[in-house]
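See below for start35.txt, which holds compact mmCIF, C-alpha atoms and all ligand atoms.
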# COMPACT_ATOMS: atom_id res chain seq x y z
CA MET A 1 1.84 2.49 -33.57
CA ASN A 2 3.90 1.27 -30.60
CA LEU A 3 3.41 -2.45 -30.04
CA ILE A 4 4.41 -3.97 -26.72
CA THR A 5 3.92 -7.37 -25.11
CA GLU A 6 3.09 -7.75 -21.45
CA GLY A 7 1.91 -10.94 -19.77
CA ALA A 8 -0.20 -12.87 -22.28
CA VAL A 9 -1.29 -9.93 -24.48
CA GLY A 10 0.19 -7.75 -27.22
CA VAL A 11 -1.00 -4.15 -27.18
CA ASP A 12 -0.56 -0.95 -29.18
CA VAL A 13 0.17 1.84 -26.69
CA GLY A 14 0.81 4.53 -29.33
CA GLY A 15 -0.54 7.96 -28.42
CA VAL A 16 -1.88 7.04 -24.96
CA PHE A 17 -0.46 6.71 -21.46
CA TYR A 18 1.73 3.67 -20.86
CA ASN A 19 4.15 3.11 -18.00
CA PRO A 20 6.24 -0.07 -18.24
CA ARG A 21 7.30 0.40 -14.59
CA MET A 22 3.71 -0.28 -13.56
CA ARG A 23 4.02 -3.87 -14.79
CA LEU A 24 4.54 -5.09 -11.21
CA ASN A 25 1.26 -3.39 -10.24
CA ARG A 26 -0.58 -5.08 -13.13
CA ASP A 27 1.07 -8.48 -12.46
CA ILE A 28 -0.14 -8.39 -8.86
CA GLY A 29 -3.57 -7.15 -10.01
CA VAL A 30 -3.96 -10.18 -12.28
CA ALA A 31 -2.99 -12.61 -9.48
CA MET A 32 -5.38 -10.93 -7.01
CA ALA A 33 -8.32 -10.97 -9.46
CA ARG A 34 -7.71 -14.64 -10.17
CA ALA A 35 -7.43 -15.53 -6.47
CA LEU A 36 -10.67 -13.66 -5.75
CA GLY A 37 -12.52 -15.26 -8.69
CA ILE A 38 -13.69 -11.89 -10.05
CA VAL A 39 -16.01 -12.17 -13.07
CA GLU A 40 -17.19 -8.57 -13.53
CA TYR A 41 -14.70 -5.68 -13.56
CA LEU A 42 -14.62 -1.99 -14.40
CA ASP A 43 -11.19 -0.68 -15.42
CA ALA A 44 -12.25 2.95 -14.99
CA PHE A 45 -9.02 4.54 -16.35
CA SER A 46 -7.99 2.13 -19.09
CA ALA A 47 -5.62 4.10 -21.38
CA SER A 48 -4.54 1.35 -23.88
CA GLY A 49 -6.67 -1.25 -22.06
CA LEU A 50 -3.56 -3.22 -21.12
CA ARG A 51 -4.70 -4.04 -17.56
CA GLY A 52 -8.19 -5.12 -18.60
CA LEU A 53 -6.94 -7.22 -21.52
CA ARG A 54 -4.60 -9.08 -19.20
CA LEU A 55 -7.42 -9.59 -16.70
CA ILE A 56 -9.61 -11.22 -19.35
CA ARG A 57 -6.90 -13.48 -20.66
CA GLU A 58 -4.87 -14.25 -17.52
CA ALA A 59 -7.42 -13.98 -14.69
CA GLY A 60 -10.50 -15.26 -16.54
CA VAL A 61 -12.59 -12.09 -16.00
CA GLU A 62 -15.69 -12.69 -18.16
CA ASP A 63 -17.43 -9.36 -18.10
CA MET A 64 -14.86 -6.61 -18.56
CA THR A 65 -15.79 -2.95 -18.98
CA PHE A 66 -13.04 -0.60 -20.16
CA ASN A 67 -13.40 3.12 -19.76
CA ASP A 68 -11.34 6.17 -20.65
CA VAL A 69 -12.45 9.77 -21.10
CA SER A 70 -10.14 10.12 -24.11
CA PRO A 71 -11.72 9.14 -27.48
CA THR A 72 -8.22 8.23 -28.77
CA ALA A 73 -7.84 5.77 -25.89
CA ALA A 74 -11.35 4.32 -26.40
CA ARG A 75 -10.60 3.70 -30.10
CA LEU A 76 -7.28 2.09 -29.27
CA ILE A 77 -8.91 -0.22 -26.69
CA GLU A 78 -11.34 -1.47 -29.41
CA GLU A 79 -8.37 -2.14 -31.68
CA ASN A 80 -6.42 -3.87 -28.91
CA LEU A 81 -9.39 -6.11 -28.09
CA ALA A 82 -9.59 -7.15 -31.77
CA ARG A 83 -5.81 -7.57 -31.98
CA ASN A 84 -5.97 -10.11 -29.12
CA GLY A 85 -9.22 -11.79 -30.19
CA LEU A 86 -10.89 -10.76 -26.91
CA GLN A 87 -14.25 -9.21 -26.06
CA GLY A 88 -15.26 -6.45 -23.69
CA GLU A 89 -17.38 -3.33 -23.46
CA VAL A 90 -15.65 -0.01 -24.15
CA CYS A 91 -16.98 3.26 -22.66
CA CYS A 92 -15.69 6.77 -23.24
CA LYS A 93 -16.96 8.73 -20.24
CA ASN A 94 -15.81 10.67 -17.27
CA ALA A 95 -15.23 7.83 -14.77
CA ASN A 96 -17.34 9.62 -12.15
CA VAL A 97 -20.36 9.66 -14.47
CA LEU A 98 -20.05 5.98 -15.30
CA MET A 99 -19.55 4.96 -11.68
CA HIS A 100 -22.60 6.94 -10.57
CA GLU A 101 -24.67 5.29 -13.31
CA ARG A 102 -23.66 1.66 -12.89
CA ARG A 103 -22.53 -0.95 -10.36
CA PHE A 104 -19.75 -3.50 -10.89
CA GLN A 105 -18.46 -6.42 -8.83
CA ALA A 106 -14.96 -4.88 -8.92
CA VAL A 107 -13.93 -1.30 -9.67
CA ASP A 108 -10.34 -0.29 -10.41
CA LEU A 109 -9.09 3.30 -10.13
CA ASP A 110 -5.80 4.20 -11.77
CA PRO A 111 -6.03 7.93 -12.55
CA PHE A 112 -3.21 10.43 -12.99
CA GLY A 113 -2.14 11.41 -9.44
CA THR A 114 -4.73 11.38 -6.72
CA PRO A 115 -7.77 9.06 -6.74
CA SER A 116 -9.50 11.33 -4.20
CA PRO A 117 -12.03 12.99 -6.61
CA PHE A 118 -13.17 9.53 -7.75
CA LEU A 119 -13.49 7.72 -4.43
CA ALA A 120 -17.07 8.80 -3.70
CA ALA A 121 -18.48 7.47 -6.99
CA ALA A 122 -16.28 4.37 -6.83
CA SER A 123 -17.53 3.61 -3.31
CA ARG A 124 -21.07 3.66 -4.65
CA SER A 125 -20.25 1.59 -7.74
CA ALA A 126 -18.05 -1.16 -6.21
CA GLU A 127 -20.28 -4.01 -5.07
CA GLU A 128 -17.58 -6.33 -3.78
CA TYR A 129 -14.10 -5.01 -4.51
CA LEU A 130 -12.46 -1.62 -4.89
CA PHE A 131 -8.87 -1.43 -6.11
CA VAL A 132 -7.04 1.89 -6.01
CA THR A 133 -3.70 3.19 -7.26
CA ALA A 134 -2.49 6.58 -5.98
CA THR A 135 0.63 8.21 -7.42
CA ASP A 136 0.41 11.42 -5.37
CA THR A 137 2.82 10.16 -2.73
CA ALA A 138 4.16 13.62 -1.78
CA PRO A 139 0.77 14.90 -0.48
CA LEU A 140 -0.04 11.51 1.07
CA CYS A 141 3.21 11.20 2.97
CA GLY A 142 3.41 14.73 4.32
CA ALA A 143 5.83 16.35 1.86
CA HIS A 144 3.09 18.64 0.44
CA LEU A 145 1.02 19.36 3.52
CA ALA A 146 -1.70 21.66 2.17
CA SER A 147 -2.42 19.45 -0.81
CA GLY A 148 -2.53 16.35 1.42
CA ILE A 149 -5.09 18.01 3.67
CA ARG A 150 -7.17 19.17 0.67
CA LYS A 151 -7.24 15.80 -1.07
CA TYR A 152 -7.54 13.49 1.92
CA MET A 153 -9.12 15.66 4.64
CA ALA A 154 -6.34 14.41 6.88
CA ARG A 155 -3.06 15.71 8.19
CA PRO A 156 0.02 13.63 7.43
CA VAL A 157 3.14 14.21 9.54
CA LYS A 158 6.57 13.84 7.96
CA ALA A 159 8.25 10.99 9.81
CA GLU A 160 10.56 8.01 9.42
CA HIS A 161 7.53 5.84 8.58
CA HIS A 162 6.20 8.27 5.94
CA ARG A 163 5.42 5.52 3.42
CA GLU A 164 3.06 3.77 5.79
CA MET A 165 1.62 7.12 6.82
CA GLY A 166 0.61 7.72 3.18
CA VAL A 167 -0.98 4.29 2.89
CA ARG A 168 -3.03 4.77 6.05
CA ILE A 169 -4.17 8.26 5.04
CA LEU A 170 -5.42 6.89 1.69
CA LEU A 171 -7.18 3.96 3.40
CA GLY A 172 -8.68 6.40 5.89
CA LEU A 173 -10.36 8.36 3.11
CA ALA A 174 -11.57 5.14 1.44
CA ALA A 175 -13.07 3.92 4.74
CA ARG A 176 -14.92 7.22 5.23
CA GLU A 177 -16.21 7.37 1.64
CA LEU A 178 -17.44 3.77 1.85
CA ALA A 179 -19.04 4.45 5.23
CA ARG A 180 -21.06 7.28 3.68
CA MET A 181 -22.52 4.62 1.33
CA ASP A 182 -23.24 2.33 4.33
CA LYS A 183 -20.40 -0.01 3.44
CA GLY A 184 -17.53 -1.36 5.50
CA MET A 185 -14.11 -2.23 4.09
CA GLU A 186 -11.48 -4.88 4.53
CA PRO A 187 -8.02 -4.35 2.99
CA LEU A 188 -6.82 -7.55 1.29
CA LEU A 189 -3.44 -6.19 0.20
CA THR A 190 -1.83 -2.77 0.36
CA HIS A 191 1.63 -1.88 -0.80
CA ALA A 192 3.73 1.24 -1.31
CA THR A 193 6.12 0.71 -4.19
CA GLU A 194 8.43 3.23 -5.87
CA HIS A 195 6.24 6.27 -6.53
CA TYR A 196 2.80 4.87 -5.84
CA VAL A 197 0.47 3.23 -3.34
CA ARG A 198 -1.85 0.40 -4.35
CA THR A 199 -4.66 -1.10 -2.30
CA TYR A 200 -7.10 -3.97 -2.84
CA LEU A 201 -10.21 -3.51 -0.72
CA ARG A 202 -13.19 -5.77 -0.14
CA THR A 203 -16.32 -3.69 0.31
CA ILE A 204 -18.90 -5.05 2.74
CA PRO A 205 -22.47 -3.72 2.47
CA GLY A 206 -24.38 -2.71 5.61
CA ALA A 207 -24.45 0.23 8.03
CA ARG A 208 -23.16 -1.97 10.87
CA ASN A 209 -20.16 -2.95 8.72
CA ALA A 210 -19.50 0.73 8.04
CA ASP A 211 -19.53 1.37 11.82
CA ILE A 212 -17.11 -1.52 12.38
CA SER A 213 -14.64 -0.17 9.84
CA LEU A 214 -14.89 3.38 11.24
CA GLU A 215 -13.88 1.91 14.62
CA LYS A 216 -10.53 1.14 12.97
CA MET A 217 -9.94 4.83 12.25
CA GLY A 218 -7.91 7.05 14.52
CA TYR A 219 -4.82 9.22 14.83
CA LEU A 220 -1.13 8.81 15.35
CA GLU A 221 0.47 10.97 18.03
CA GLN A 222 4.11 11.52 17.47
CA CYS A 223 7.01 13.05 19.39
CA PRO A 224 9.32 15.15 17.20
CA ARG A 225 12.18 14.88 19.70
CA CYS A 226 12.52 11.16 20.61
CA GLY A 227 10.70 9.87 17.51
CA GLY A 228 8.26 7.83 19.63
CA TRP A 229 4.64 7.41 18.55
CA TRP A 230 1.39 5.85 19.73
CA ALA A 231 -1.96 5.22 18.07
CA LEU A 232 -5.17 6.86 19.28
CA SER A 233 -8.20 4.77 18.34
CA GLY A 234 -11.42 6.40 17.22
CA LEU A 235 -12.29 9.51 15.23
CA ALA A 236 -13.06 11.46 18.40
CA SER A 237 -10.06 10.36 20.44
CA GLU A 238 -8.15 12.72 22.69
CA ALA A 239 -4.45 13.40 22.24
CA LYS A 240 -2.02 13.39 25.19
CA GLY A 241 -0.45 16.61 23.90
CA THR A 242 3.03 15.96 25.30
CA CYS A 243 5.45 13.05 25.16
CA SER A 244 5.56 11.27 28.53
CA ARG A 245 9.22 10.48 27.94
CA CYS A 246 10.77 13.80 26.95
CA LYS A 247 7.90 16.24 27.65
CA GLU A 248 8.06 17.62 24.10
CA ARG A 249 4.82 18.84 22.49
CA THR A 250 3.52 16.12 20.21
CA LEU A 251 2.27 16.25 16.59
CA LEU A 252 -0.97 14.64 15.49
CA ALA A 253 -1.38 12.78 12.18
CA GLY A 254 -4.76 11.72 10.85
CA PRO A 255 -7.50 10.81 10.75
CA LEU A 256 -6.08 7.59 9.33
CA TRP A 257 -6.77 3.87 9.08
CA LEU A 258 -5.31 1.90 12.01
CA GLY A 259 -6.70 -1.51 11.02
CA PRO A 260 -5.05 -4.35 9.08
CA LEU A 261 -3.51 -3.70 5.65
CA LYS A 262 -3.92 -7.22 4.24
CA ARG A 263 -5.48 -10.61 4.63
CA ASN A 264 -3.01 -13.47 4.53
CA GLU A 265 -5.41 -16.21 3.33
CA VAL A 266 -6.01 -14.16 0.17
CA LEU A 267 -2.29 -13.52 -0.33
CA ASP A 268 -1.56 -17.25 0.06
CA ARG A 269 -4.05 -17.95 -2.70
CA ALA A 270 -2.71 -15.14 -4.93
CA ILE A 271 1.04 -15.78 -4.65
CA PRO A 272 1.10 -19.08 -6.63
CA GLY A 273 -0.82 -17.34 -9.45
CA LEU A 274 1.77 -14.58 -9.90
CA PRO A 275 3.38 -14.42 -13.33
CA GLU A 276 7.08 -15.31 -13.30
CA SER A 277 8.20 -12.10 -11.70
CA ALA A 278 10.77 -12.33 -8.95
CA SER A 279 10.05 -8.80 -7.71
CA ALA A 280 6.27 -9.38 -7.52
CA ILE A 281 6.75 -12.64 -5.62
CA ARG A 282 9.27 -11.03 -3.24
CA LEU A 283 6.95 -8.09 -2.59
CA MET A 284 3.86 -10.22 -1.97
CA LYS A 285 5.75 -12.50 0.42
CA LEU A 286 7.19 -9.53 2.31
CA CYS A 287 3.66 -8.10 2.65
CA ARG A 288 2.30 -11.44 3.83
CA ASP A 289 5.04 -11.96 6.40
CA GLU A 290 5.05 -8.49 7.89
CA LEU A 291 3.44 -7.79 11.24
CA ASP A 292 0.10 -6.10 10.72
CA CYS A 293 0.31 -3.22 13.18
CA PRO A 294 0.90 0.53 12.72
CA MET A 295 3.75 1.73 12.06
CA TYR A 296 7.42 0.81 11.41
CA HIS A 297 10.69 2.01 12.97
CA ASP A 298 13.61 2.92 10.77
CA HIS A 299 16.43 0.86 12.22
CA HIS A 300 19.24 3.07 10.91
CA ARG A 301 17.68 6.34 12.06
CA LEU A 302 17.04 4.83 15.46
CA CYS A 303 20.68 3.78 15.75
CA ARG A 304 21.84 7.24 14.63
CA ARG A 305 19.73 8.82 17.35
CA LEU A 306 21.22 6.42 19.89
CA GLY A 307 24.74 6.97 18.52
CA ILE A 308 25.32 3.27 17.95
CA ALA A 309 26.20 1.14 14.92
CA PRO A 310 23.29 -0.89 13.48
CA VAL A 311 23.45 -4.67 13.73
CA ARG A 312 21.99 -6.73 10.88
CA LEU A 313 18.23 -6.24 10.72
CA ASP A 314 17.51 -9.98 10.73
CA ARG A 315 19.52 -10.29 13.87
CA LEU A 316 17.50 -7.53 15.54
CA VAL A 317 14.23 -9.21 14.50
CA LEU A 318 15.43 -12.49 16.04
CA ALA A 319 16.62 -10.77 19.20
CA LEU A 320 13.19 -9.17 19.64
CA GLN A 321 11.47 -12.52 19.06
CA ASP A 322 13.84 -14.22 21.54
CA SER A 323 12.83 -11.58 24.09
CA GLY A 324 9.16 -12.52 23.65
CA PHE A 325 8.13 -9.70 21.29
CA ARG A 326 6.62 -9.98 17.86
CA ALA A 327 8.79 -8.50 15.12
CA SER A 328 9.25 -8.55 11.36
CA ARG A 329 10.74 -6.71 8.45
CA THR A 330 8.41 -4.56 6.36
CA HIS A 331 7.99 -4.10 2.61
CA PHE A 332 7.79 -0.33 3.22
CA SER A 333 11.55 0.01 3.71
CA GLY A 334 14.67 -2.14 3.62
CA THR A 335 15.70 -0.65 6.95
CA GLY A 336 12.19 -0.77 8.45
CA LEU A 337 11.16 -2.87 11.42
CA LYS A 338 7.73 -3.70 12.82
CA THR A 339 7.32 -4.83 16.40
CA ASN A 340 4.89 -4.78 19.29
CA ALA A 341 7.75 -3.70 21.59
CA SER A 342 7.52 -0.08 22.72
CA ARG A 343 10.09 2.43 21.49
CA GLU A 344 11.82 2.32 24.90
CA GLU A 345 11.92 -1.50 24.92
CA LEU A 346 13.31 -1.49 21.38
CA GLU A 347 15.97 1.08 22.26
CA ASP A 348 17.03 -0.86 25.37
CA LEU A 349 17.35 -4.03 23.34
CA LEU A 350 19.35 -2.24 20.61
CA VAL A 351 21.77 -0.77 23.14
CA GLY A 352 22.12 -4.22 24.77
CA LEU A 353 22.76 -5.84 21.38
CA GLU A 354 25.30 -3.17 20.46
CA SER A 355 27.31 -3.72 23.60
CA LYS A 356 27.10 -7.49 23.05
CA VAL A 357 28.25 -7.11 19.44
CA GLY A 358 30.94 -4.67 20.59
CA GLY A 359 32.04 -7.23 23.20
CA ASP A 360 31.98 -10.06 20.66
CA LEU A 361 33.96 -7.91 18.23
CA GLN A 362 36.57 -7.14 20.85
CA LYS A 363 36.84 -10.85 21.65
CA GLY A 364 37.00 -11.56 17.91
CA GLN A 365 39.75 -9.03 17.39
CA ASP A 366 41.69 -10.63 20.22
CA ARG A 367 41.23 -13.95 18.44
CA VAL A 368 42.18 -12.42 15.05
CA ALA A 369 45.37 -11.22 16.69
CA SER A 370 45.96 -14.85 17.59
CA GLY A 371 45.00 -16.10 14.07
CA ALA A 372 41.19 -16.85 14.50
CA ARG A 373 38.29 -15.50 12.29
CA LEU A 374 35.99 -12.58 13.19
CA PRO A 375 32.46 -13.53 14.35
CA GLU A 376 29.55 -12.70 11.96
CA THR A 377 27.44 -9.73 13.00
C1 LIG A 401 -2.59 6.56 -15.48
S1 LIG A 401 -3.50 6.34 -16.93
C2 LIG A 401 -4.15 4.72 -16.82
C3 LIG A 401 -3.16 3.65 -17.08
C4 LIG A 401 -3.72 2.24 -17.26
N1 LIG A 401 -4.57 1.85 -16.14
C5 LIG A 401 -2.60 1.23 -17.46
O1 LIG A 401 -2.37 0.35 -16.56
O2 LIG A 401 -1.90 1.31 -18.48
C6 LIG A 401 -4.88 7.39 -16.70
C7 LIG A 401 -5.89 7.40 -17.83
O3 LIG A 401 -7.08 8.01 -17.33
C8 LIG A 401 -7.70 8.78 -18.33
N2 LIG A 401 -8.54 9.79 -17.63
C9 LIG A 401 -8.16 10.96 -17.08
N3 LIG A 401 -9.20 11.55 -16.45
C10 LIG A 401 -10.27 10.72 -16.60
C11 LIG A 401 -11.61 10.75 -16.15
N4 LIG A 401 -12.06 11.77 -15.43
N5 LIG A 401 -12.41 9.71 -16.46
C12 LIG A 401 -11.96 8.67 -17.21
N6 LIG A 401 -10.69 8.59 -17.67
C13 LIG A 401 -9.85 9.59 -17.36
C14 LIG A 401 -6.57 9.34 -19.16
O4 LIG A 401 -7.00 9.61 -20.48
C15 LIG A 401 -5.52 8.21 -19.08
O5 LIG A 401 -5.60 7.38 -20.21
ZN ZN A 402 9.50 12.14 23.13
Can the structure from this file be put into structure tokens for me?
Amino acid sequence: MNLITEGAVGVDVGGVFYNPRMRLNRDIGVAMARALGIVEYLDAFSASGLRGLRLIREAGVEDMTFNDVSPTAARLIEENLARNGLQGEVCCKNANVLMHERRFQAVDLDPFGTPSPFLAAASRSAEEYLFVTATDTAPLCGAHLASGIRKYMARPVKAEHHREMGVRILLGLAARELARMDKGMEPLLTHATEHYVRTYLRTIPGARNADISLEKMGYLEQCPRCGGWWALSGLASEAKGTCSRCKERTLLAGPLWLGPLKRNEVLDRAIPGLPESASAIRLMKLCRDELDCPMYHDHHRLCRRLGIAPVRLDRLVLALQDSGFRASRTHFSGTGLKTNASREELEDLLVGLESKVGGDLQKGQDRVASGARLPET
């Protein structure tokens, strides 16, 4: 026996999978389920049942179905339900079988590694919500190319925004699987954290809704020399082939999801319901406040390419906003920046800022020589 406490439940995790580092994922899952008012939920890969138990107790889910293919896990879930005085149905099936047999308001996939083999059945089973965790970040982000292509029928390209690339490749497969079931999708929250990607999708029945979500699919064309990129909308879009700036042959990533990654009204409802977890609150707020456009620039890499010293990222965001652009930080990376400025416009602004900071510094040093303090950069 290995008793642990998480949120408002105490659970035996002895002999089954348990990852304490996934607490943030489960904390956010509870807040999202509560904000969405979910009453019926399939936790298709339950292990100890920890997630589902917390959803019953902390999010008020009334009709919880636990499932795990392992009989040891199924037995433990029964015991953990009794231990907490809670009720739910426990199944011991291959998740694909269960999801082909039955429909649920919300379906949650948290398998080992890739969710790809389960997305078809889950797309059929999920009537209103589909939540997915993927821990196969190397194939998703382009580090294991062949496996990424096999699992996601898409080609990732290794780039400075690889974390967002992985997210959009995963969402791209989800959109296509749902479309095959005549369903559209709307991402409510998507985050890439540590070694995994997590997405909360609303599924919207109807062939027309499937068409609308497929319109948000496309490709990302990318220049390996200058690092510039541009999105190509549509599954049958045509690539330029060469970079108009440096004439280098471009690389093509996709097909991937180019649409929004979140819906702020839902996040505003979910954030107050987060358990007392500073990291979950910080992450959700970062996601809410980030610009919802593909992709992000890595500020430090950009400065290295330009041979200049980076200014503070907040200062760069403000400078872009003062110049009439939209700009924000991103949860994907501490040095990441999202903006609607083009790569050239961003580079020009950075070079301008650098020379201004350089000038200010020189002035500051002159003042230091005469006893004054250095200006803040
Ligand atoms: C990553 S763990 C789930 C962790 C759990 N959601 C949590 O938050 O603690 C994956 C679980 O899926 C189960 N599993 C693996 N393949 C399965 C399948 N095809 N159908 C159902 N369960 C499966 C494993 O026995 C394991 O307990
Ligand atoms: Zn180029």
Query raised in the report: When you draw a straight line from CA of Gly49 (chain A) to CA of Val9 (chain A), how long is it in Å?
Result: 10.5 Å
**Report entry** Environment of ligand LIG 401 (chain A) within 7 Å, counting only C-alpha atoms and all ligand atoms, reported as number ranges by chain
**Finding:** A: 16-19, 22, 26, 44-51, 67-70, 73, 93-96, 110-112
Query raised in the report: So which one's closest to Cys226 (chain A), A:Arg304, A:Arg329, A:Arg180, A:Ala280? Using only C-alpha atoms, please.
Result: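 Of the candidates, the smallest distance to Cys226 (chain A) is held by A:Arg304.
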Which residues, written as a JSON list (two decimals) with C-alpha atoms, in the coordinates of the input, have at least one atom at most 10 Å from Pro272 (chain A), with only C-alpha atoms counted and residues fewer than 6 positions away on the same chain left out?
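Written file, selection-v2.json:
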[["chain", "number", "residue", "atom", "x", "y", "z"],
["A", 31, "ALA", "CA", -2.99, -12.61, -9.48],
["A", 35, "ALA", "CA", -7.43, -15.53, -6.47],
["A", 281, "ILE", "CA", 6.75, -12.64, -5.62]]
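Proximity to ligand ZN 402 (chain A) was assessed for A:Phe118, A:Trp229, A:Tyr41, A:Trp257 counting all atoms listed in the file; the smallest distance is recorded for A:Trp229.
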Query raised in the report: What separation in Å, quoted to one decimal, exists between CA of Gly218 (chain A) and CA of Pro255 (chain A)?
Result: 5.3 Å
Report task. Give the residues close to ligand ZN 402 (chain A), within 8 Å, counting only C-alpha atoms and all ligand atoms; write them as a PyMOL selection string. Result -> chain A and resi 222-228+242-248+250
